$ cat target-v3.txt   # compact mmCIF, C-alpha atoms
# COMPACT_ATOMS: atom_id res chain seq x y z
CA MET W 7 -26.01 -74.81 -5.31
CA LYS W 8 -28.28 -73.36 -7.97
CA PHE W 9 -28.40 -69.82 -9.34
CA GLY W 10 -31.54 -68.49 -11.00
CA VAL W 11 -30.83 -65.82 -13.61
CA LEU W 12 -33.79 -63.60 -14.53
CA GLN W 13 -34.51 -62.78 -18.14
CA PHE W 14 -36.66 -59.77 -19.09
CA PRO W 15 -37.61 -58.62 -22.56
CA GLY W 16 -34.58 -56.44 -23.32
CA SER W 17 -32.10 -58.25 -21.07
CA CYS W 18 -28.80 -58.78 -22.88
CA ASP W 19 -26.32 -60.10 -20.32
CA GLU W 20 -28.31 -63.03 -18.97
CA VAL W 21 -26.33 -65.64 -20.93
CA ASP W 22 -22.98 -64.35 -19.69
CA ALA W 23 -24.41 -64.28 -16.16
CA LEU W 24 -25.63 -67.85 -16.61
CA GLU W 25 -22.23 -68.99 -17.87
CA ALA W 26 -20.43 -67.16 -15.06
CA ALA W 27 -22.70 -68.78 -12.46
CA ARG W 28 -22.13 -72.20 -14.06
CA ARG W 29 -18.43 -71.87 -13.35
CA VAL W 30 -19.19 -72.14 -9.64
CA GLY W 31 -22.51 -74.03 -9.54
CA ASP W 32 -25.70 -74.90 -11.40
CA ALA W 33 -27.69 -72.16 -13.03
CA GLU W 34 -30.82 -71.71 -15.06
CA LEU W 35 -32.75 -68.87 -16.65
CA ILE W 36 -36.06 -67.64 -15.23
CA TRP W 37 -38.36 -65.88 -17.70
CA HIS W 38 -39.81 -62.65 -16.28
CA ALA W 39 -43.41 -63.91 -16.52
CA GLU W 40 -42.65 -66.86 -14.19
CA ARG W 41 -43.50 -66.62 -10.53
CA ASP W 42 -41.69 -69.84 -9.68
CA LEU W 43 -38.00 -69.31 -8.97
CA GLY W 44 -37.37 -73.02 -9.53
CA GLY W 45 -35.83 -73.68 -6.14
CA ALA W 46 -32.87 -71.38 -6.82
CA ASP W 47 -30.53 -70.76 -3.86
CA ALA W 48 -29.51 -67.36 -5.21
CA ILE W 49 -30.88 -64.97 -7.83
CA VAL W 50 -29.02 -62.89 -10.38
CA VAL W 51 -30.85 -59.93 -11.96
CA PRO W 52 -28.74 -59.36 -15.08
CA GLY W 53 -27.83 -56.37 -17.20
CA GLY W 54 -29.49 -55.07 -20.32
CA PHE W 55 -32.36 -52.77 -21.14
CA SER W 56 -35.37 -54.44 -19.53
CA TYR W 57 -38.61 -53.20 -21.07
CA GLY W 58 -36.58 -50.85 -23.25
CA ASP W 59 -35.57 -48.76 -20.21
CA TYR W 60 -38.86 -46.92 -20.79
CA LEU W 61 -39.77 -44.27 -18.22
CA ARG W 62 -36.62 -44.90 -16.13
CA ALA W 63 -34.15 -47.77 -16.26
CA GLY W 64 -35.58 -50.65 -14.23
CA ALA W 65 -38.87 -48.90 -13.43
CA ILE W 66 -41.15 -51.32 -15.26
CA ALA W 67 -39.17 -54.56 -14.81
CA ARG W 68 -39.56 -54.12 -11.08
CA PHE W 69 -43.28 -55.00 -11.41
CA SER W 70 -42.81 -58.23 -13.39
CA PRO W 71 -44.16 -61.47 -11.84
CA ALA W 72 -40.64 -62.90 -11.41
CA MET W 73 -39.55 -59.76 -9.54
CA GLU W 74 -42.48 -60.08 -7.15
CA SER W 75 -41.13 -63.50 -6.23
CA VAL W 76 -37.59 -62.13 -6.01
CA ILE W 77 -38.76 -59.39 -3.64
CA ALA W 78 -40.35 -62.03 -1.37
CA PHE W 79 -37.22 -64.20 -1.69
CA ALA W 80 -35.01 -61.26 -0.69
CA ARG W 81 -37.24 -60.35 2.26
CA ASP W 82 -36.81 -63.94 3.48
CA GLY W 83 -33.04 -63.47 3.40
CA GLY W 84 -32.31 -65.00 -0.03
CA LEU W 85 -29.16 -63.87 -1.84
CA VAL W 86 -29.86 -61.51 -4.73
CA LEU W 87 -27.21 -60.01 -7.01
CA GLY W 88 -28.18 -57.20 -9.39
CA ILE W 89 -25.77 -56.26 -12.16
CA CYS W 90 -26.08 -52.97 -14.06
CA ASN W 91 -29.72 -52.89 -15.20
CA GLY W 92 -30.31 -55.48 -12.45
CA PHE W 93 -28.92 -52.99 -9.91
CA GLN W 94 -31.32 -50.36 -11.29
CA VAL W 95 -34.21 -52.83 -10.96
CA LEU W 96 -33.30 -53.62 -7.33
CA CYS W 97 -33.19 -49.90 -6.48
CA GLU W 98 -36.56 -49.32 -8.16
CA ALA W 99 -37.92 -52.28 -6.18
CA HIS W 100 -36.65 -50.62 -2.96
CA LEU W 101 -34.57 -53.70 -2.16
CA LEU W 102 -31.54 -51.40 -2.25
CA PRO W 103 -31.24 -47.79 -1.13
CA GLY W 104 -30.71 -44.96 -3.62
CA ALA W 105 -31.17 -44.57 -7.34
CA LEU W 106 -29.13 -44.66 -10.54
CA LEU W 107 -29.22 -41.55 -12.70
CA PRO W 108 -27.86 -40.73 -16.17
CA ASN W 109 -24.06 -40.62 -16.28
CA ALA W 110 -22.71 -37.14 -15.58
CA ASN W 111 -21.12 -37.14 -19.06
CA LEU W 112 -24.50 -38.13 -20.60
CA ARG W 113 -22.77 -40.83 -22.63
CA PHE W 114 -23.03 -44.56 -22.80
CA THR W 115 -19.55 -45.55 -21.68
CA PHE W 116 -17.74 -48.86 -21.81
CA ARG W 117 -14.43 -49.34 -20.06
CA GLN W 118 -12.37 -51.75 -18.00
CA LEU W 119 -12.26 -50.42 -14.44
CA GLU W 120 -10.39 -50.86 -11.22
CA LEU W 121 -12.70 -51.34 -8.25
CA GLU W 122 -11.83 -51.37 -4.56
CA VAL W 123 -13.46 -53.79 -2.15
CA LEU W 124 -14.49 -51.70 0.88
CA TYR W 125 -16.24 -54.54 2.61
CA GLY W 126 -14.45 -57.88 2.27
CA GLY W 127 -15.83 -61.07 3.73
CA GLY W 128 -19.50 -60.20 3.16
CA PRO W 129 -21.94 -62.55 1.41
CA PHE W 130 -20.86 -61.23 -2.01
CA THR W 131 -17.18 -60.58 -1.18
CA LYS W 132 -16.22 -63.64 0.86
CA ALA W 133 -13.63 -64.52 -1.79
CA CYS W 134 -12.14 -60.99 -1.69
CA ALA W 135 -9.81 -59.31 0.78
CA LEU W 136 -10.60 -55.92 2.27
CA GLY W 137 -9.02 -53.25 0.04
CA GLU W 138 -8.45 -55.72 -2.80
CA ARG W 139 -8.64 -54.29 -6.31
CA LEU W 140 -10.80 -55.97 -8.91
CA SER W 141 -10.50 -55.38 -12.64
CA ILE W 142 -14.05 -55.51 -14.04
CA PRO W 143 -15.63 -53.75 -17.04
CA ALA W 144 -18.60 -51.38 -16.91
CA LYS W 145 -20.88 -50.39 -19.80
CA HIS W 146 -23.86 -48.19 -19.13
CA ALA W 147 -25.52 -44.82 -19.63
CA TRP W 148 -27.41 -44.71 -16.30
CA GLY W 149 -24.84 -45.51 -13.62
CA ARG W 150 -24.57 -42.40 -11.47
CA TYR W 151 -25.36 -43.64 -7.98
CA TYR W 152 -27.32 -41.22 -5.84
CA ALA W 153 -28.68 -41.38 -2.31
CA ASP W 154 -29.36 -38.46 0.02
CA SER W 155 -26.64 -37.56 2.50
CA ASP W 156 -28.40 -39.07 5.55
CA THR W 157 -28.82 -42.39 3.74
CA LEU W 158 -25.19 -42.33 2.59
CA ALA W 159 -24.02 -41.70 6.15
CA VAL W 160 -26.01 -44.70 7.44
CA MET W 161 -24.76 -46.88 4.57
CA ASP W 162 -21.19 -45.87 5.24
CA ARG W 163 -21.47 -46.69 8.94
CA SER W 164 -23.12 -50.05 8.39
CA GLY W 165 -20.73 -51.30 5.71
CA GLN W 166 -23.27 -51.14 2.88
CA ILE W 167 -20.87 -49.46 0.47
CA VAL W 168 -19.22 -52.64 -0.75
CA LEU W 169 -17.43 -51.58 -3.93
CA ARG W 170 -15.96 -48.23 -4.90
CA TYR W 171 -14.39 -47.01 -8.13
CA ALA W 172 -10.62 -46.71 -7.55
CA PRO W 173 -9.26 -43.13 -7.66
CA GLY W 174 -9.67 -41.67 -11.15
CA GLN W 175 -12.06 -44.43 -12.27
CA ASN W 176 -15.42 -42.86 -11.41
CA PHE W 177 -16.52 -41.93 -14.93
CA ASN W 178 -20.26 -41.68 -14.25
CA GLY W 179 -20.29 -39.19 -11.37
CA SER W 180 -21.50 -41.58 -8.65
CA LEU W 181 -21.60 -40.03 -5.19
CA HIS W 182 -18.75 -41.23 -2.94
CA ASP W 183 -17.36 -43.17 -5.97
CA ILE W 184 -19.92 -45.89 -5.23
CA ALA W 185 -19.84 -48.85 -7.62
CA GLY W 186 -21.73 -51.44 -5.55
CA VAL W 187 -23.98 -51.40 -2.48
CA CYS W 188 -25.83 -53.90 -0.35
CA ASN W 189 -28.97 -53.62 1.75
CA GLU W 190 -28.87 -53.34 5.52
CA ALA W 191 -29.25 -57.11 6.00
CA GLY W 192 -26.44 -57.73 3.50
CA ASN W 193 -28.30 -60.32 1.40
CA VAL W 194 -29.10 -58.04 -1.56
CA PHE W 195 -26.24 -56.55 -3.54
CA GLY W 196 -26.14 -54.38 -6.65
CA MET W 197 -23.18 -53.25 -8.73
CA MET W 198 -22.92 -51.29 -11.99
CA PRO W 199 -19.78 -53.00 -13.38
CA HIS W 200 -20.21 -56.47 -14.88
CA PRO W 201 -18.53 -59.32 -12.98
CA GLU W 202 -20.02 -61.82 -15.46
CA HIS W 203 -17.93 -60.26 -18.24
CA ALA W 204 -14.71 -60.85 -16.29
CA VAL W 205 -14.62 -64.57 -15.61
CA ASP W 206 -11.95 -65.67 -18.08
CA GLU W 207 -8.54 -64.07 -18.60
CA LEU W 208 -8.49 -65.29 -22.17
CA ILE W 209 -11.47 -63.20 -23.27
CA GLY W 210 -11.97 -60.63 -20.52
CA GLY W 211 -8.35 -59.92 -19.59
CA SER W 212 -9.38 -60.59 -15.99
CA ALA W 213 -11.20 -63.28 -14.06
CA ASP W 214 -11.81 -61.08 -11.02
CA GLY W 215 -15.57 -61.06 -11.59
CA LEU W 216 -15.68 -64.73 -10.76
CA LYS W 217 -14.91 -63.79 -7.14
CA ILE W 218 -18.40 -62.33 -6.77
CA PHE W 219 -20.04 -65.57 -7.94
CA GLU W 220 -17.59 -67.66 -5.91
CA SER W 221 -18.39 -65.57 -2.82
CA MET W 222 -22.09 -66.29 -3.30
CA ARG W 223 -21.36 -70.00 -3.57
CA LEU W 224 -19.29 -69.90 -0.38
CA THR W 225 -22.09 -68.05 1.40
CA ILE W 226 -24.75 -70.55 0.32
CA GLU W 227 -22.69 -73.64 0.95
CA GLY W 228 -21.34 -72.26 4.20
CA ALA W 229 -24.92 -71.70 5.34
CA VAL W 230 -25.84 -75.33 4.68
CA VAL W 231 -23.15 -76.76 6.98
CA MET R 2 -60.95 -30.19 -43.18
CA ARG R 3 -61.68 -32.40 -40.20
CA PRO R 4 -60.62 -31.24 -36.75
CA PRO R 5 -57.86 -33.27 -35.02
CA VAL R 6 -59.17 -36.40 -33.32
CA GLN R 7 -59.83 -35.94 -29.62
CA ARG R 8 -57.92 -38.49 -27.57
CA ARG R 9 -60.55 -38.63 -24.85
CA GLU R 10 -62.42 -41.88 -24.63
CA ARG R 11 -66.00 -42.24 -23.60
CA ALA R 12 -66.25 -45.99 -23.11
CA GLY R 13 -65.96 -47.33 -19.56
CA GLY R 14 -66.88 -44.09 -17.80
CA GLU R 15 -65.95 -40.46 -18.08
CA ARG R 16 -62.23 -39.78 -18.14
CA VAL R 17 -60.31 -36.68 -17.24
CA ARG R 18 -57.25 -35.52 -19.13
CA ALA R 19 -54.28 -35.15 -16.82
CA ARG R 20 -50.74 -33.98 -17.19
CA VAL R 21 -47.90 -35.05 -14.93
CA LEU R 22 -44.78 -32.92 -14.93
CA ILE R 23 -41.67 -34.62 -13.60
CA ARG R 24 -38.46 -32.79 -12.89
CA PRO R 25 -35.15 -33.60 -11.20
CA LYS R 26 -35.16 -32.64 -7.52
CA ALA R 27 -33.33 -29.43 -6.71
CA GLY R 28 -29.74 -30.02 -5.70
CA ILE R 29 -29.30 -33.20 -7.71
CA LEU R 30 -26.89 -32.83 -10.61
CA ASP R 31 -28.87 -32.39 -13.84
CA PRO R 32 -26.37 -32.91 -16.66
CA GLN R 33 -29.08 -32.64 -19.34
CA GLY R 34 -30.14 -29.23 -18.07
CA GLU R 35 -26.50 -28.14 -17.92
CA ALA R 36 -25.84 -29.31 -21.48
CA VAL R 37 -28.85 -27.38 -22.79
CA GLU R 38 -27.82 -24.32 -20.77
CA ARG R 39 -24.38 -24.45 -22.37
CA ALA R 40 -25.78 -24.99 -25.86
CA LEU R 41 -28.11 -21.98 -25.88
CA PRO R 42 -25.46 -19.21 -25.72
CA ALA R 43 -23.52 -21.06 -28.42
CA LEU R 44 -26.56 -20.51 -30.65
CA GLY R 45 -26.72 -16.84 -29.81
CA PHE R 46 -29.41 -16.99 -27.09
CA ALA R 47 -27.96 -14.92 -24.28
CA GLY R 48 -29.29 -14.41 -20.75
CA VAL R 49 -30.54 -17.94 -20.06
CA GLY R 50 -30.00 -19.69 -16.74
CA ASN R 51 -31.31 -22.35 -14.40
CA VAL R 52 -32.23 -24.81 -17.19
CA HIS R 53 -33.64 -28.17 -16.12
CA VAL R 54 -34.90 -31.03 -18.26
CA GLY R 55 -37.76 -33.20 -17.04
CA ARG R 56 -40.53 -35.33 -18.50
CA LEU R 57 -44.16 -34.78 -19.38
CA ILE R 58 -46.68 -37.61 -19.14
CA GLU R 59 -50.20 -37.05 -20.43
CA LEU R 60 -52.98 -39.49 -19.64
CA ASP R 61 -56.74 -39.89 -19.39
CA VAL R 62 -57.97 -41.26 -16.08
CA GLU R 63 -61.35 -42.21 -14.73
CA ASP R 64 -60.32 -41.57 -11.15
CA PRO R 65 -57.99 -38.58 -10.71
CA GLU R 66 -57.48 -39.67 -7.09
CA GLN R 67 -55.28 -42.44 -8.47
CA LEU R 68 -52.80 -40.03 -10.03
CA GLN R 69 -50.80 -39.45 -6.89
CA PRO R 70 -50.30 -43.15 -6.09
CA MET R 71 -49.44 -43.71 -9.77
CA CYS R 72 -46.74 -41.07 -9.49
CA GLU R 73 -45.39 -42.48 -6.23
CA LYS R 74 -45.32 -46.03 -7.53
CA LEU R 75 -44.35 -45.78 -11.17
CA LEU R 76 -44.46 -42.48 -13.04
CA ALA R 77 -41.84 -40.72 -10.92
CA ASN R 78 -39.08 -41.83 -8.58
CA PRO R 79 -39.79 -39.59 -5.56
CA LEU R 80 -36.28 -40.19 -4.29
CA VAL R 81 -34.78 -38.15 -7.11
CA GLU R 82 -37.70 -36.47 -8.87
CA ASP R 83 -40.47 -34.01 -7.99
CA TYR R 84 -43.79 -34.30 -9.73
CA GLU R 85 -46.73 -32.03 -10.30
CA ILE R 86 -50.20 -33.19 -11.30
CA GLU R 87 -52.34 -30.96 -13.47
CA LEU R 88 -55.94 -31.75 -14.38
CA LEU R 89 -56.90 -30.28 -17.71
CA ASP R 90 -60.36 -28.80 -18.16
CA GLY R 91 -62.65 -31.75 -18.73
CA SER R 92 -65.37 -29.74 -20.42
CA ALA R 93 -63.76 -29.90 -23.87
$ encode --input "target-v3.txt" --output "structure tokens"
Amino acid sequence: MKFGVLQFPGSCDEVDALEAARRVGDAELIWHAERDLGGADAIVVPGGFSYGDYLRAGAIARFSPAMESVIAFARDGGLVLGICNGFQVLCEAHLLPGALLPNANLRFTFRQLELEVLYGGGPFTKACALGERLSIPAKHAWGRYYADSDTLAVMDRSGQIVLRYAPGQNFNGSLHDIAGVCNEAGNVFGMMPHPEHAVDELIGGSADGLKIFESMRLTIEGAVV
Amino acid sequence: MRPPVQRRERAGGERVRARVLIRPKAGILDPQGEAVERALPALGFAGVGNVHVGRLIELDVEDPEQLQPMCEKLLANPLVEDYEIELLDGSA
């Protein structure tokens, strides 16, 4: 299978995302000005500071030519993973519910976190068990997940809250300790922590992030059979 | 001394100066506002409350009717922010 990893001016985690994806399949970068997704089976919108985070994080990247194609790809059921700034872009593009606001502590924060998988077996968590804990780092200033209470209730009922910060780990003030959510159809997923930075125990102290990429591979290859 | 340069442009049709005020929706945690509210008494300014921090966007537009869709689509995130459009007197 092939991953396409978007690259905006101001992206900074696209190479790690590319390398992480290459551990489970083929992967190539897609420059933001391209409309052609190069036949990718799944898209990763990586972390960074697309367009300088001007106005609001993700607000301008959402209108790039590549994102227009990604929106169409997602509406056709294609798998799309947004990480950190990528998650912000997917929310701004209305592919995911809610919004990401400045951290409650107003600081850029980097730390290794424990996450809980609330929805195992989904397209992005096929390689995880329900309730499993993943050790994955987060590094951001705008990670406070917000959605209104009606939306949160619907998301909770329909299994859209996929990842949660483990007790005591919610440093950014996200509602319901939300770390990662998917859309109603389940094919678009965004998370603030960085699975691509946790793919090798030697340098990341954990390879748990690989499970997200491996889950995507299982979903794509399972769909082919 | 020369007066400050007017930012209004004449080319391509008459433009109107507009101001868009964007503020966090009521009820959503506003840590910036809270930080400023805490800082003021520390500087000796007593009796201040309900501080909120938003954004101001100033722009010249040919068609003021477009301001609302601009706000909905890009300038504000209506999910978490309220916005207010103000047209400045175009006679200047």
$ residues_around --input "target-v3.txt" --residues "R:Val62" --least-positions-apart "2" --cutoff "10 Å" --atoms "only C-alpha atoms" --output "list in words"
Arg9, Glu10, Gly14, Glu15, Arg16, Val17, Arg18, Ala19, Glu59, Leu60, Asp64, Pro65, Glu66, Gln67, Leu68 and Leu88 of chain R
$ atom_distance --input "target-v3.txt" --atom1 "atom CA of W:Phe93" --atom2 "atom CA of W:His200"
10.6 Å
$ atom_distance --input "target-v3.txt" --atom1 "atom CA of W:Val168" --atom2 "atom CA of W:Val123"
6.0 Å
$ interface_residues --input "target-v3.txt" --of "chain R" --to "chain W" --cutoff "8 Å" --atoms "only C-alpha atoms" --output "list in words"
Leu30, Asp31, Pro32, Gln33, Leu75, Leu76, Asn78, Leu80 and Val81 of chain R
$ atom_distance --input "target-v3.txt" --atom1 "atom CA of W:Met222" --atom2 "atom CA of W:Ala204"
15.9 Å
$ residues_around --input "target-v3.txt" --residues "W:Val194" --least-positions-apart "6" --cutoff "12 Å" --atoms "all atoms listed in the file" --output "PDB file with C-alpha atoms, keeping the file's coordinate frame"
ATOM      1  CA  ALA W  48     -29.510 -67.360  -5.210  1.00  0.00           C
ATOM      2  CA  ILE W  49     -30.880 -64.970  -7.830  1.00  0.00           C
ATOM      3  CA  VAL W  50     -29.020 -62.890 -10.380  1.00  0.00           C
ATOM      4  CA  VAL W  51     -30.850 -59.930 -11.960  1.00  0.00           C
ATOM      5  CA  VAL W  76     -37.590 -62.130  -6.010  1.00  0.00           C
ATOM      6  CA  ILE W  77     -38.760 -59.390  -3.640  1.00  0.00           C
ATOM      7  CA  ALA W  78     -40.350 -62.030  -1.370  1.00  0.00           C
ATOM      8  CA  PHE W  79     -37.220 -64.200  -1.690  1.00  0.00           C
ATOM      9  CA  ALA W  80     -35.010 -61.260  -0.690  1.00  0.00           C
ATOM     10  CA  ARG W  81     -37.240 -60.350   2.260  1.00  0.00           C
ATOM     11  CA  ASP W  82     -36.810 -63.940   3.480  1.00  0.00           C
ATOM     12  CA  GLY W  83     -33.040 -63.470   3.400  1.00  0.00           C
ATOM     13  CA  GLY W  84     -32.310 -65.000  -0.030  1.00  0.00           C
ATOM     14  CA  LEU W  85     -29.160 -63.870  -1.840  1.00  0.00           C
ATOM     15  CA  VAL W  86     -29.860 -61.510  -4.730  1.00  0.00           C
ATOM     16  CA  LEU W  87     -27.210 -60.010  -7.010  1.00  0.00           C
ATOM     17  CA  GLY W  88     -28.180 -57.200  -9.390  1.00  0.00           C
ATOM     18  CA  ILE W  89     -25.770 -56.260 -12.160  1.00  0.00           C
ATOM     19  CA  GLY W  92     -30.310 -55.480 -12.450  1.00  0.00           C
ATOM     20  CA  PHE W  93     -28.920 -52.990  -9.910  1.00  0.00           C
ATOM     21  CA  VAL W  95     -34.210 -52.830 -10.960  1.00  0.00           C
ATOM     22  CA  LEU W  96     -33.300 -53.620  -7.330  1.00  0.00           C
ATOM     23  CA  CYS W  97     -33.190 -49.900  -6.480  1.00  0.00           C
ATOM     24  CA  ALA W  99     -37.920 -52.280  -6.180  1.00  0.00           C
ATOM     25  CA  HIS W 100     -36.650 -50.620  -2.960  1.00  0.00           C
ATOM     26  CA  LEU W 101     -34.570 -53.700  -2.160  1.00  0.00           C
ATOM     27  CA  LEU W 102     -31.540 -51.400  -2.250  1.00  0.00           C
ATOM     28  CA  PRO W 103     -31.240 -47.790  -1.130  1.00  0.00           C
ATOM     29  CA  GLY W 128     -19.500 -60.200   3.160  1.00  0.00           C
ATOM     30  CA  PRO W 129     -21.940 -62.550   1.410  1.00  0.00           C
ATOM     31  CA  PHE W 130     -20.860 -61.230  -2.010  1.00  0.00           C
ATOM     32  CA  GLN W 166     -23.270 -51.140   2.880  1.00  0.00           C
ATOM     33  CA  VAL W 168     -19.220 -52.640  -0.750  1.00  0.00           C
ATOM     34  CA  GLY W 186     -21.730 -51.440  -5.550  1.00  0.00           C
ATOM     35  CA  VAL W 187     -23.980 -51.400  -2.480  1.00  0.00           C
ATOM     36  CA  CYS W 188     -25.830 -53.900  -0.350  1.00  0.00           C
ATOM     37  CA  MET W 222     -22.090 -66.290  -3.300  1.00  0.00           C
TER      38      MET W 222
END
$ residues_around --input "target-v3.txt" --residues "W:Ser164" --least-positions-apart "5" --cutoff "12 Å" --atoms "all atoms listed in the file" --output "number ranges by chain"
W: 124-125, 128, 157-159, 187-192
$ residues_near_point --input "target-v3.txt" --point "(-31.6, -17.9, -18.2)" --cutoff "12 Å" --atoms "only C-alpha atoms" --output "count of residues only"
16
$ closest_residue --input "target-v3.txt" --among "W:Lys132, W:Arg163, W:Arg117, W:His203" --to "W:Pro52" --atoms "only C-alpha atoms"
W:His203
$ residues_around --input "target-v3.txt" --residues "stretch 29-37 of chain W" --least-positions-apart "6" --cutoff "10 Å" --atoms "all atoms listed in the file" --output "PDB file with C-alpha atoms, in the coordinates of the input"
ATOM      1  CA  MET W   7     -26.010 -74.810  -5.310  1.00  0.00           C
ATOM      2  CA  LYS W   8     -28.280 -73.360  -7.970  1.00  0.00           C
ATOM      3  CA  PHE W   9     -28.400 -69.820  -9.340  1.00  0.00           C
ATOM      4  CA  GLY W  10     -31.540 -68.490 -11.000  1.00  0.00           C
ATOM      5  CA  VAL W  11     -30.830 -65.820 -13.610  1.00  0.00           C
ATOM      6  CA  LEU W  12     -33.790 -63.600 -14.530  1.00  0.00           C
ATOM      7  CA  GLN W  13     -34.510 -62.780 -18.140  1.00  0.00           C
ATOM      8  CA  PHE W  14     -36.660 -59.770 -19.090  1.00  0.00           C
ATOM      9  CA  PRO W  15     -37.610 -58.620 -22.560  1.00  0.00           C
ATOM     10  CA  GLU W  20     -28.310 -63.030 -18.970  1.00  0.00           C
ATOM     11  CA  VAL W  21     -26.330 -65.640 -20.930  1.00  0.00           C
ATOM     12  CA  ALA W  23     -24.410 -64.280 -16.160  1.00  0.00           C
ATOM     13  CA  LEU W  43     -38.000 -69.310  -8.970  1.00  0.00           C
ATOM     14  CA  GLY W  44     -37.370 -73.020  -9.530  1.00  0.00           C
ATOM     15  CA  ALA W  46     -32.870 -71.380  -6.820  1.00  0.00           C
ATOM     16  CA  ASP W  47     -30.530 -70.760  -3.860  1.00  0.00           C
ATOM     17  CA  ALA W  48     -29.510 -67.360  -5.210  1.00  0.00           C
ATOM     18  CA  ILE W  49     -30.880 -64.970  -7.830  1.00  0.00           C
ATOM     19  CA  VAL W  50     -29.020 -62.890 -10.380  1.00  0.00           C
ATOM     20  CA  VAL W  51     -30.850 -59.930 -11.960  1.00  0.00           C
ATOM     21  CA  SER W  70     -42.810 -58.230 -13.390  1.00  0.00           C
ATOM     22  CA  PRO W  71     -44.160 -61.470 -11.840  1.00  0.00           C
ATOM     23  CA  ALA W  72     -40.640 -62.900 -11.410  1.00  0.00           C
ATOM     24  CA  VAL W 205     -14.620 -64.570 -15.610  1.00  0.00           C
ATOM     25  CA  LEU W 216     -15.680 -64.730 -10.760  1.00  0.00           C
ATOM     26  CA  LYS W 217     -14.910 -63.790  -7.140  1.00  0.00           C
ATOM     27  CA  PHE W 219     -20.040 -65.570  -7.940  1.00  0.00           C
ATOM     28  CA  GLU W 220     -17.590 -67.660  -5.910  1.00  0.00           C
ATOM     29  CA  SER W 221     -18.390 -65.570  -2.820  1.00  0.00           C
ATOM     30  CA  MET W 222     -22.090 -66.290  -3.300  1.00  0.00           C
ATOM     31  CA  ARG W 223     -21.360 -70.000  -3.570  1.00  0.00           C
ATOM     32  CA  LEU W 224     -19.290 -69.900  -0.380  1.00  0.00           C
TER      33      LEU W 224
END
$ axis_aligned_box --input "target-v3.txt" --around "stretch 125-142 of chain W" --padding-each-side "5 Å" --output "lines of an AutoDock Vina configuration file"
center_x = -15.2
center_y = -58.9
center_z = -5.2
size_x = 23.5
size_y = 21.3
size_z = 27.8
$ residues_around --input "target-v3.txt" --residues "W:Glu122" --least-positions-apart "5" --cutoff "9 Å" --atoms "only C-alpha atoms" --output "ChimeraX atom specification"
/W:136-140,168-172,185
